[in-house]
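Visitor: Provided herewith: input.txt, compact mmCIF, C-alpha atoms.
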# COMPACT_ATOMS: atom_id res chain seq x y z
CA MET B 177 0.00 0.00 0.00
CA ILE B 178 1.49 3.32 -1.11
CA GLU B 179 0.75 6.46 0.91
CA ALA B 180 1.77 10.03 0.23
CA THR B 181 4.37 11.45 2.59
CA VAL B 182 3.30 14.63 4.38
CA ALA B 183 5.85 16.78 6.22
CA PHE B 184 5.28 16.80 9.97
CA ARG B 185 5.55 20.01 11.98
CA GLN B 186 5.24 20.11 15.75
CA PRO B 187 2.06 21.98 16.84
CA ASP B 188 2.69 25.51 18.07
CA TRP B 189 1.78 25.27 21.76
CA LYS B 190 1.24 28.57 23.51
CA ASP B 191 3.50 27.67 26.41
CA PRO B 192 4.79 24.54 28.17
CA GLY B 193 2.03 22.71 29.97
CA SER B 194 -0.71 24.83 28.44
CA SER B 195 -4.14 23.22 28.30
CA ARG B 196 -5.10 25.30 25.26
CA ILE B 197 -4.59 22.90 22.39
CA PRO B 198 -3.50 24.46 19.07
CA PHE B 199 -6.07 24.15 16.29
CA SER B 200 -3.44 22.48 14.15
CA ALA B 201 -3.73 19.38 16.35
CA TYR B 202 -7.11 18.87 14.70
CA THR B 203 -6.54 20.31 11.25
CA ASP B 204 -2.99 19.38 10.24
CA GLU B 205 -2.81 16.47 7.78
CA ALA B 206 0.72 15.49 8.83
CA ILE B 207 -0.27 15.25 12.49
CA TYR B 208 -3.22 13.08 11.52
CA ARG B 209 -0.99 10.72 9.48
CA ARG B 210 1.37 10.42 12.44
CA GLU B 211 -1.55 9.60 14.71
CA LEU B 212 -2.62 6.78 12.39
CA GLU B 213 0.84 5.23 12.61
CA ARG B 214 1.28 5.69 16.36
CA PHE B 215 -2.23 4.95 17.62
CA PHE B 216 -3.99 2.79 15.05
CA TYR B 217 -1.15 0.83 13.44
CA SER B 218 1.16 0.24 16.41
CA ALA B 219 1.23 -0.15 20.20
CA HIS B 220 -2.57 -0.14 20.67
CA TRP B 221 -5.52 -2.52 20.52
CA CYS B 222 -8.38 -1.43 18.25
CA TYR B 223 -11.97 -2.61 18.44
CA VAL B 224 -13.08 -4.40 15.26
CA ALA B 225 -16.20 -6.51 15.91
CA LEU B 226 -18.49 -8.44 18.21
CA GLU B 227 -18.49 -12.22 18.11
CA ALA B 228 -22.26 -12.02 17.63
CA GLU B 229 -21.60 -10.53 14.18
CA ILE B 230 -19.74 -13.65 13.04
CA PRO B 231 -21.39 -16.49 14.99
CA ASN B 232 -20.86 -19.33 12.47
CA PRO B 233 -17.81 -20.86 10.77
CA GLY B 234 -17.25 -19.03 7.49
CA ASP B 235 -18.83 -15.78 8.69
CA PHE B 236 -16.89 -12.59 8.04
CA LYS B 237 -17.22 -8.84 8.54
CA ARG B 238 -15.30 -6.14 6.68
CA THR B 239 -14.32 -3.13 8.77
CA VAL B 240 -11.35 -0.81 9.31
CA VAL B 241 -8.47 -0.18 11.68
CA GLY B 242 -7.63 3.46 11.17
CA GLU B 243 -7.95 3.83 7.41
CA ARG B 244 -6.80 0.31 6.60
CA SER B 245 -9.46 -2.16 5.48
CA VAL B 246 -9.50 -5.41 7.45
CA ILE B 247 -11.65 -8.55 7.51
CA VAL B 248 -12.75 -10.29 10.71
CA THR B 249 -13.38 -13.99 10.04
CA ARG B 250 -14.43 -17.11 11.90
CA ALA B 251 -12.55 -20.09 10.49
CA ALA B 252 -13.86 -23.65 10.24
CA ASP B 253 -12.29 -24.49 13.62
CA GLY B 254 -14.22 -21.63 15.26
CA GLU B 255 -11.17 -19.43 15.80
CA ILE B 256 -11.41 -15.72 15.02
CA HIS B 257 -8.85 -14.13 12.71
CA VAL B 258 -8.32 -10.59 11.42
CA VAL B 259 -6.51 -10.05 8.12
CA GLU B 260 -5.79 -6.98 6.05
CA ASN B 261 -8.01 -6.63 2.99
CA VAL B 262 -5.01 -6.25 0.66
CA CYS B 263 -3.88 -8.99 -1.71
CA ALA B 264 -0.26 -9.99 -1.12
CA HIS B 265 0.40 -10.01 -4.87
CA ARG B 266 -0.54 -6.57 -6.22
CA GLY B 267 -2.22 -4.87 -3.28
CA VAL B 268 -5.84 -5.11 -4.46
CA ARG B 269 -8.63 -4.74 -1.90
CA PHE B 270 -10.26 -8.01 -2.83
CA CYS B 271 -13.27 -8.08 -0.46
CA ARG B 272 -16.08 -5.67 -1.35
CA GLU B 273 -18.93 -7.18 0.69
CA LYS B 274 -19.62 -5.77 4.14
CA SER B 275 -20.34 -9.22 5.57
CA GLY B 276 -21.29 -12.72 4.59
CA ASN B 277 -20.29 -16.36 4.77
CA ARG B 278 -17.70 -18.11 2.60
CA LYS B 279 -15.00 -20.75 2.62
CA ASP B 280 -12.21 -18.59 1.23
CA PHE B 281 -11.32 -15.30 -0.48
CA THR B 282 -10.18 -14.87 -4.07
CA CYS B 283 -8.63 -11.69 -5.42
CA PRO B 284 -10.40 -10.71 -8.68
CA TYR B 285 -7.21 -9.37 -10.28
CA HIS B 286 -4.99 -12.46 -10.57
CA GLN B 287 -7.22 -14.82 -8.58
CA TRP B 288 -4.82 -15.56 -5.77
CA ASN B 289 -6.83 -17.57 -3.25
CA TYR B 290 -6.65 -17.35 0.57
CA ASP B 291 -8.28 -19.33 3.36
CA LEU B 292 -10.14 -17.61 6.20
CA LYS B 293 -6.96 -17.48 8.29
CA GLY B 294 -5.19 -15.46 5.61
CA ASN B 295 -3.00 -18.28 4.28
CA LEU B 296 -2.26 -18.37 0.55
CA VAL B 297 -3.70 -21.65 -0.78
CA GLY B 298 -3.97 -21.12 -4.53
CA VAL B 299 -1.94 -19.35 -7.26
CA PRO B 300 -3.06 -19.69 -10.90
CA PHE B 301 -0.30 -20.94 -13.20
CA ARG B 302 2.06 -21.27 -10.26
CA ARG B 303 4.13 -23.83 -12.22
CA GLY B 304 3.72 -22.06 -15.54
CA VAL B 305 2.00 -23.12 -18.75
CA LYS B 306 3.33 -25.86 -21.01
CA LEU B 307 3.46 -24.81 -24.67
CA ASP B 308 5.18 -26.82 -27.41
CA GLY B 309 6.71 -29.04 -24.79
CA LYS B 310 8.20 -26.15 -22.86
CA VAL B 311 7.12 -24.62 -19.56
CA ASN B 312 6.56 -20.89 -19.81
CA GLY B 313 6.19 -18.50 -16.91
CA GLY B 314 5.22 -19.57 -13.41
CA MET B 315 6.65 -18.79 -10.03
CA PRO B 316 10.30 -19.39 -9.09
CA SER B 317 11.13 -22.88 -7.84
CA ASP B 318 11.70 -21.54 -4.33
CA PHE B 319 8.30 -19.82 -4.17
CA ASP B 320 6.77 -20.64 -0.77
CA PRO B 321 3.03 -19.90 -0.31
CA LYS B 322 3.62 -19.65 3.46
CA GLU B 323 5.60 -16.46 2.87
CA HIS B 324 2.92 -14.78 0.76
CA GLY B 325 -0.21 -14.85 2.88
CA LEU B 326 -2.31 -11.86 3.85
CA ALA B 327 -1.10 -9.51 6.58
CA LYS B 328 -2.40 -11.07 9.81
CA LEU B 329 -3.28 -8.92 12.79
CA ASN B 330 -2.84 -9.81 16.44
CA VAL B 331 -6.26 -10.75 17.86
CA ALA B 332 -7.72 -10.56 21.37
CA VAL B 333 -11.26 -11.64 22.26
CA ARG B 334 -12.82 -10.89 25.63
CA ASN B 335 -16.41 -11.77 26.54
CA GLY B 336 -17.63 -11.56 22.96
CA VAL B 337 -15.76 -8.39 21.97
CA VAL B 338 -13.01 -8.62 19.34
CA PHE B 339 -9.93 -6.39 19.25
CA ALA B 340 -7.04 -6.43 16.78
CA SER B 341 -3.62 -4.85 16.38
CA PHE B 342 -1.09 -4.63 13.56
CA ASP B 343 1.51 -4.72 16.36
CA HIS B 344 2.33 -8.27 17.46
CA ASP B 345 4.34 -7.00 20.42
CA VAL B 346 1.49 -5.06 21.99
CA PRO B 347 0.81 -5.91 25.68
CA SER B 348 -2.15 -8.16 26.49
CA LEU B 349 -5.58 -6.58 26.16
CA GLU B 350 -6.05 -6.86 29.91
CA ASP B 351 -2.81 -4.99 30.64
CA TYR B 352 -3.65 -2.44 27.94
CA LEU B 353 -7.02 -1.60 29.50
CA GLY B 354 -5.74 -1.69 33.07
CA PRO B 355 -7.65 -2.89 36.18
CA THR B 356 -9.95 0.13 36.58
CA ILE B 357 -11.32 0.15 33.04
CA LEU B 358 -11.28 -3.64 32.77
CA ARG B 359 -13.66 -3.73 35.72
CA TYR B 360 -16.13 -1.49 33.89
CA PHE B 361 -15.68 -3.45 30.66
CA ASP B 362 -16.46 -6.75 32.39
CA ARG B 363 -19.40 -5.14 34.14
CA VAL B 364 -21.25 -4.86 30.81
CA PHE B 365 -19.60 -7.62 28.77
CA ASP B 366 -19.61 -10.37 31.37
CA GLY B 367 -19.83 -13.36 29.04
CA ARG B 368 -23.56 -13.31 28.38
CA LYS B 369 -24.58 -13.95 24.79
CA LEU B 370 -25.00 -10.78 22.72
CA THR B 371 -27.65 -10.13 20.09
CA ILE B 372 -27.27 -7.39 17.47
CA LEU B 373 -30.47 -5.33 17.34
CA GLY B 374 -29.40 -2.94 14.60
CA TYR B 375 -26.82 -0.54 13.18
CA SER B 376 -26.59 3.20 12.64
CA ARG B 377 -23.87 4.99 10.68
CA GLN B 378 -23.01 8.69 10.64
CA ARG B 379 -20.30 10.59 8.77
CA ILE B 380 -19.16 13.47 10.94
CA PRO B 381 -17.17 16.41 9.49
CA GLY B 382 -14.62 16.69 12.26
CA ASN B 383 -11.39 15.28 13.62
CA TRP B 384 -11.64 11.81 15.19
CA LYS B 385 -10.13 13.01 18.49
CA LEU B 386 -13.10 15.29 19.10
CA MET B 387 -15.29 12.24 19.73
CA GLN B 388 -12.71 10.70 22.04
CA GLU B 389 -12.62 13.92 24.06
CA ASN B 390 -16.39 14.36 23.99
CA ILE B 391 -16.97 11.16 25.96
CA LYS B 392 -14.41 12.21 28.57
CA ASP B 393 -16.23 15.52 29.12
CA PRO B 394 -18.83 15.35 31.97
CA TYR B 395 -19.54 19.09 31.70
CA HIS B 396 -21.75 18.99 28.61
CA PRO B 397 -24.34 16.16 29.09
CA GLY B 398 -26.51 18.06 31.59
CA LEU B 399 -26.39 21.17 29.40
CA LEU B 400 -26.57 19.87 25.84
CA HIS B 401 -28.61 16.66 25.79
CA THR B 402 -32.37 17.01 26.26
CA TRP B 403 -32.72 13.29 26.90
CA PHE B 404 -30.21 13.35 29.74
CA VAL B 405 -31.24 16.51 31.53
CA THR B 406 -35.04 16.26 31.16
CA PHE B 407 -35.25 12.70 32.46
CA SER B 408 -32.45 13.05 35.02
CA LEU B 409 -30.14 10.49 33.44
CA TRP B 410 -27.27 12.94 33.66
CA ARG B 411 -27.60 16.20 35.57
CA ALA B 412 -25.42 18.35 37.76
CA ASP B 413 -27.29 17.15 40.87
CA ASN B 414 -26.69 13.48 40.11
CA LYS B 415 -23.93 11.50 41.70
CA SER B 416 -21.26 11.24 39.01
CA GLU B 417 -17.57 10.57 38.51
CA LEU B 418 -14.93 10.12 35.82
CA ARG B 419 -12.58 7.14 36.15
CA MET B 420 -9.48 6.69 33.98
CA ASP B 421 -6.67 4.20 33.52
CA GLU B 422 -3.21 5.03 34.81
CA HIS B 423 -2.08 6.38 31.43
CA GLY B 424 -5.13 8.61 30.86
CA ARG B 425 -6.02 6.82 27.63
CA HIS B 426 -9.30 5.15 28.56
CA ALA B 427 -12.14 6.54 30.65
CA ALA B 428 -15.49 5.68 32.22
CA MET B 429 -17.91 8.58 32.69
CA ILE B 430 -20.50 7.54 35.28
CA SER B 431 -23.78 9.01 36.53
CA THR B 432 -26.59 7.71 38.75
CA ARG B 433 -30.09 9.14 38.44
CA GLY B 434 -31.96 10.43 41.46
CA THR B 435 -29.03 10.82 43.81
CA GLY B 436 -29.03 14.60 43.78
CA GLY B 437 -31.96 16.97 44.01
CA ARG B 438 -30.50 19.99 45.83
CA GLY B 439 -30.67 23.27 43.95
CA ASP B 440 -32.27 24.11 40.64
CA VAL B 441 -29.80 22.75 38.08
CA THR B 442 -32.21 23.07 35.15
CA SER B 443 -32.99 26.78 35.42
CA GLY B 444 -31.92 28.52 32.24
CA VAL B 445 -30.74 25.28 30.64
CA SER B 446 -32.19 25.44 27.13
CA SER B 447 -32.07 21.68 26.59
CA PHE B 448 -34.38 21.04 29.57
CA LYS B 449 -37.96 20.49 28.35
CA GLU B 450 -40.24 20.49 31.36
CA GLN B 451 -43.34 19.55 29.37
CA MET B 452 -41.69 16.66 27.57
CA THR B 453 -43.12 13.28 28.54
CA LEU B 454 -42.85 9.69 27.40
CA HIS B 455 -45.74 7.68 25.98
CA ASP B 456 -44.74 4.89 28.35
CA GLU B 457 -42.88 5.81 31.54
CA ARG B 458 -41.68 2.21 31.87
CA PHE B 459 -39.13 3.04 29.19
CA LEU B 460 -37.03 4.59 31.94
CA ASP B 461 -37.51 1.83 34.48
CA VAL B 462 -34.15 0.55 35.67
CA VAL B 463 -34.35 -3.22 35.44
CA LYS B 464 -31.86 -4.65 37.92
CA GLU B 465 -29.00 -6.26 36.04
CA GLU B 466 -26.55 -8.85 37.23
CA TRP B 467 -23.73 -6.32 36.99
CA TRP B 468 -22.51 -4.59 40.15
CA GLY B 469 -23.90 -1.21 41.17
CA ALA B 470 -26.67 0.66 39.42
CA PRO B 471 -25.36 3.67 37.49
CA THR B 472 -27.96 5.18 35.19
CA ALA B 473 -25.33 5.84 32.55
CA VAL B 474 -21.77 4.68 31.99
CA MET B 475 -20.02 6.02 28.90
CA MET B 476 -16.76 4.11 28.52
CA THR B 477 -14.08 5.23 26.05
CA LEU B 478 -11.44 2.71 24.98
CA PHE B 479 -8.65 4.48 23.16
CA PRO B 480 -8.33 4.89 20.25
CA ASN B 481 -11.53 3.82 18.52
CA VAL B 482 -14.54 2.62 20.52
CA ILE B 483 -17.11 3.88 23.00
CA ILE B 484 -19.19 1.42 25.03
CA GLN B 485 -22.40 3.10 26.07
CA GLN B 486 -24.79 1.96 28.81
CA GLN B 487 -27.86 4.15 29.41
CA VAL B 488 -30.34 2.62 31.85
CA ASN B 489 -30.75 -0.87 30.33
CA SER B 490 -29.68 -0.05 26.78
CA VAL B 491 -26.19 -0.98 25.57
CA SER B 492 -24.36 -0.07 22.37
CA THR B 493 -20.89 0.18 20.90
CA ARG B 494 -19.81 3.25 18.94
CA HIS B 495 -16.93 2.61 16.54
CA ILE B 496 -14.78 5.60 15.50
CA GLN B 497 -13.48 5.16 11.93
CA PRO B 498 -11.26 8.07 10.79
CA ASN B 499 -11.11 8.93 7.08
CA GLY B 500 -8.96 12.03 6.98
CA HIS B 501 -8.03 14.72 9.48
CA ASN B 502 -11.44 16.38 9.09
CA SER B 503 -13.85 13.45 8.84
CA PHE B 504 -14.75 10.21 10.58
CA ASP B 505 -17.50 7.61 10.40
CA PHE B 506 -19.34 6.81 13.62
CA VAL B 507 -20.85 3.30 13.56
CA TRP B 508 -23.31 2.29 16.28
CA ASP B 509 -24.22 -1.31 17.17
CA ALA B 510 -27.32 -1.59 19.37
CA LEU B 511 -27.14 -4.71 21.55
CA ARG B 512 -29.21 -7.00 23.70
CA LEU B 513 -27.64 -8.93 26.55
CA ARG B 514 -29.29 -12.29 27.21
CA ARG B 515 -30.20 -12.92 30.83
CA ARG B 516 -28.56 -15.91 32.46
Transcribe the structure of this file into structure tokens.
Guide:
Amino acid sequence: MIEATVAFRQPDWKDPGSSRIPFSAYTDEAIYRRELERFFYSAHWCYVALEAEIPNPGDFKRTVVGERSVIVTRAADGEIHVVENVCAHRGVRFCREKSGNRKDFTCPYHQWNYDLKGNLVGVPFRRGVKLDGKVNGGMPSDFDPKEHGLAKLNVAVRNGVVFASFDHDVPSLEDYLGPTILRYFDRVFDGRKLTILGYSRQRIPGNWKLMQENIKDPYHPGLLHTWFVTFSLWRADNKSELRMDEHGRHAAMISTRGTGGRGDVTSGVSSFKEQMTLHDERFLDVVKEEWWGAPTAVMMTLFPNVIIQQQVNSVSTRHIQPNGHNSFDFVWDALRLRRR
């Protein structure tokens, strides 16, 4: 894969330690390209799928890590693999379907054939073509298919959630998340079977980091979101906290409805709609789950590319897919957790 080289220039910070981030951190193409290499293509785990999306042998899902197209597969032995969607021969993106079920992948250009683990299993005319008693063309005698498979990513699966990394020296997923965030992760994804209820996709004209920072910002929910402030899911008088891992990469933003009540925190808040009601108030009933505690909302950010959202008894993943310094796709999976 050939990428244009863009000159990198250090952002012009106002002064050492300043919290005022230069605009160039969000608008500079070279900074963005460096972020792809440092955060998406090395040293980090990236969310790619849920096991529920590929439940059967032969199932696959096409997605991205950063801007690189990858395929999440379930092989015949049930193991999950993630391979780059780039043919090892001439770099063609051979898979165009978003999902499906198949036994193998064949590149349409020269029809090199790969199994679901990314191994090269077929090369047309590998031993040449015999014409007039002579063999013409073909691969060299020392050609070894084992050395020409697809790029295979490191894979980690925890409680039905699939992560991948181009870096095969990355620490374990558990060490990467750290004990604080791992506790919140396992609180929602505790091994129960997941069901995909539906998908939603948005293209947002902004830098991918803005969404990462948005979910670490507890200031805005009780001011901006009508749903949160009107129905007390997230308000200034609720009990709330922000928990982070030791490196400040991941975060859990937590709020519990009905634990405040002192002072008028909705006065002058334009998003608060006093007359707004629900057709069925049971929609906001908190059904006791098997997870510990009872926060009304937990918005968990796993750096660099996924948000796990729990609001009352609804759960979803929100996948950040950058496509340039000024645009990213935001893909939502709405989930159902089966009761034990």
Visitor: Report, in Å with one decimal, the straight-line distance from CA of Tyr202 (chain B) to CA of His396 (chain B).
Guide: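 Interatomic distance here is 20.2 Å.
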Visitor: From the list B:Arg433, B:Arg244, B:Arg419, B:Arg377, which residue is nearest Phe407 (chain B) when using only C-alpha atoms?
Guide: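 Closest to Phe407 (chain B), using only C-alpha atoms: B:Arg433.
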Visitor: Nearest to Ser341 (chain B) among B:Trp189, B:Phe361, B:Tyr217, B:Phe506, with distances taken over only C-alpha atoms: which residue is it?
Guide: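 Between B:Trp189, B:Phe361, B:Tyr217, B:Phe506, the residue approaching Ser341 (chain B) most closely is B:Tyr217.
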Visitor: Tell me which protein, DNA and RNA residues are within 10 Å of Asp461 (chain B), counting all atoms listed in the file, leaving out same-chain ones fewer than 3 positions away, and put them as a list in words.
Guide: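 Neighbouring residues, sequence-local ones excluded: Asp456, Glu457, Arg458, Lys464, Val488 and Asn489 of chain B.
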Visitor: As a PyMOL selection string, please: the residues near Glu450 (chain B) (cut-off 12 Å, only C-alpha atoms, same-chain neighbours under 3 positions excluded).
Guide: chain B and resi 402-403+405-408+442-447+453-454
Visitor: Using CA of Leu329 (chain B) and CA of Asp343 (chain B) as the two end points, give the distance in Å to one decimal.
Guide: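 Taking CA of Leu329 (chain B) and CA of Asp343 (chain B), their separation equals 7.3 Å.
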Visitor: Figure out the distance between CA of Leu296 (chain B) and CA of Ser317 (chain B), please, to one decimal in Å.
Guide: 16.4 Å
Visitor: Give me region 497-510 of chain B from this structure - N, CA and C atoms, as an mmCIF file, in the first residue's frame.
Guide:
data_model
loop_
_atom_site.group_PDB
_atom_site.id
_atom_site.type_symbol
_atom_site.label_atom_id
_atom_site.label_comp_id
_atom_site.auth_asym_id
_atom_site.auth_seq_id
_atom_site.Cartn_x
_atom_site.Cartn_y
_atom_site.Cartn_z
ATOM 1 N N GLN B 497 -14.209 5.569 13.125
ATOM 2 C CA GLN B 497 -13.479 5.155 11.930
ATOM 3 C C GLN B 497 -12.990 6.399 11.178
ATOM 4 N N PRO B 498 -11.752 6.837 11.428
ATOM 5 C CA PRO B 498 -11.258 8.067 10.785
ATOM 6 C C PRO B 498 -11.082 7.891 9.284
ATOM 7 N N ASN B 499 -11.385 8.941 8.526
ATOM 8 C CA ASN B 499 -11.112 8.931 7.084
ATOM 9 C C ASN B 499 -10.624 10.307 6.646
ATOM 10 N N GLY B 500 -9.520 10.715 7.236
ATOM 11 C CA GLY B 500 -8.959 12.033 6.978
ATOM 12 C C GLY B 500 -8.925 12.838 8.259
ATOM 13 N N HIS B 501 -8.150 13.925 8.252
ATOM 14 C CA HIS B 501 -8.026 14.718 9.481
ATOM 15 C C HIS B 501 -9.309 15.460 9.823
ATOM 16 N N ASN B 502 -10.233 15.585 8.858
ATOM 17 C CA ASN B 502 -11.443 16.378 9.087
ATOM 18 C C ASN B 502 -12.724 15.588 8.878
ATOM 19 N N SER B 503 -12.652 14.258 9.027
ATOM 20 C CA SER B 503 -13.853 13.447 8.837
ATOM 21 C C SER B 503 -13.677 12.089 9.510
ATOM 22 N N PHE B 504 -14.763 11.589 10.083
ATOM 23 C CA PHE B 504 -14.749 10.209 10.580
ATOM 24 C C PHE B 504 -16.156 9.637 10.509
ATOM 25 N N ASP B 505 -16.222 8.321 10.347
ATOM 26 C CA ASP B 505 -17.499 7.610 10.403
ATOM 27 C C ASP B 505 -17.716 7.126 11.824
ATOM 28 N N PHE B 506 -18.962 7.190 12.268
ATOM 29 C CA PHE B 506 -19.339 6.806 13.619
ATOM 30 C C PHE B 506 -20.379 5.702 13.484
ATOM 31 N N VAL B 507 -19.997 4.462 13.791
ATOM 32 C CA VAL B 507 -20.851 3.304 13.556
ATOM 33 C C VAL B 507 -21.357 2.772 14.891
ATOM 34 N N TRP B 508 -22.669 2.749 15.044
ATOM 35 C CA TRP B 508 -23.314 2.288 16.278
ATOM 36 C C TRP B 508 -23.835 0.864 16.088
ATOM 37 N N ASP B 509 -23.584 0.006 17.078
ATOM 38 C CA ASP B 509 -24.222 -1.310 17.170
ATOM 39 C C ASP B 509 -25.105 -1.304 18.403
ATOM 40 N N ALA B 510 -26.405 -1.481 18.226
ATOM 41 C CA ALA B 510 -27.322 -1.592 19.370
ATOM 42 C C ALA B 510 -27.402 -3.066 19.764
#
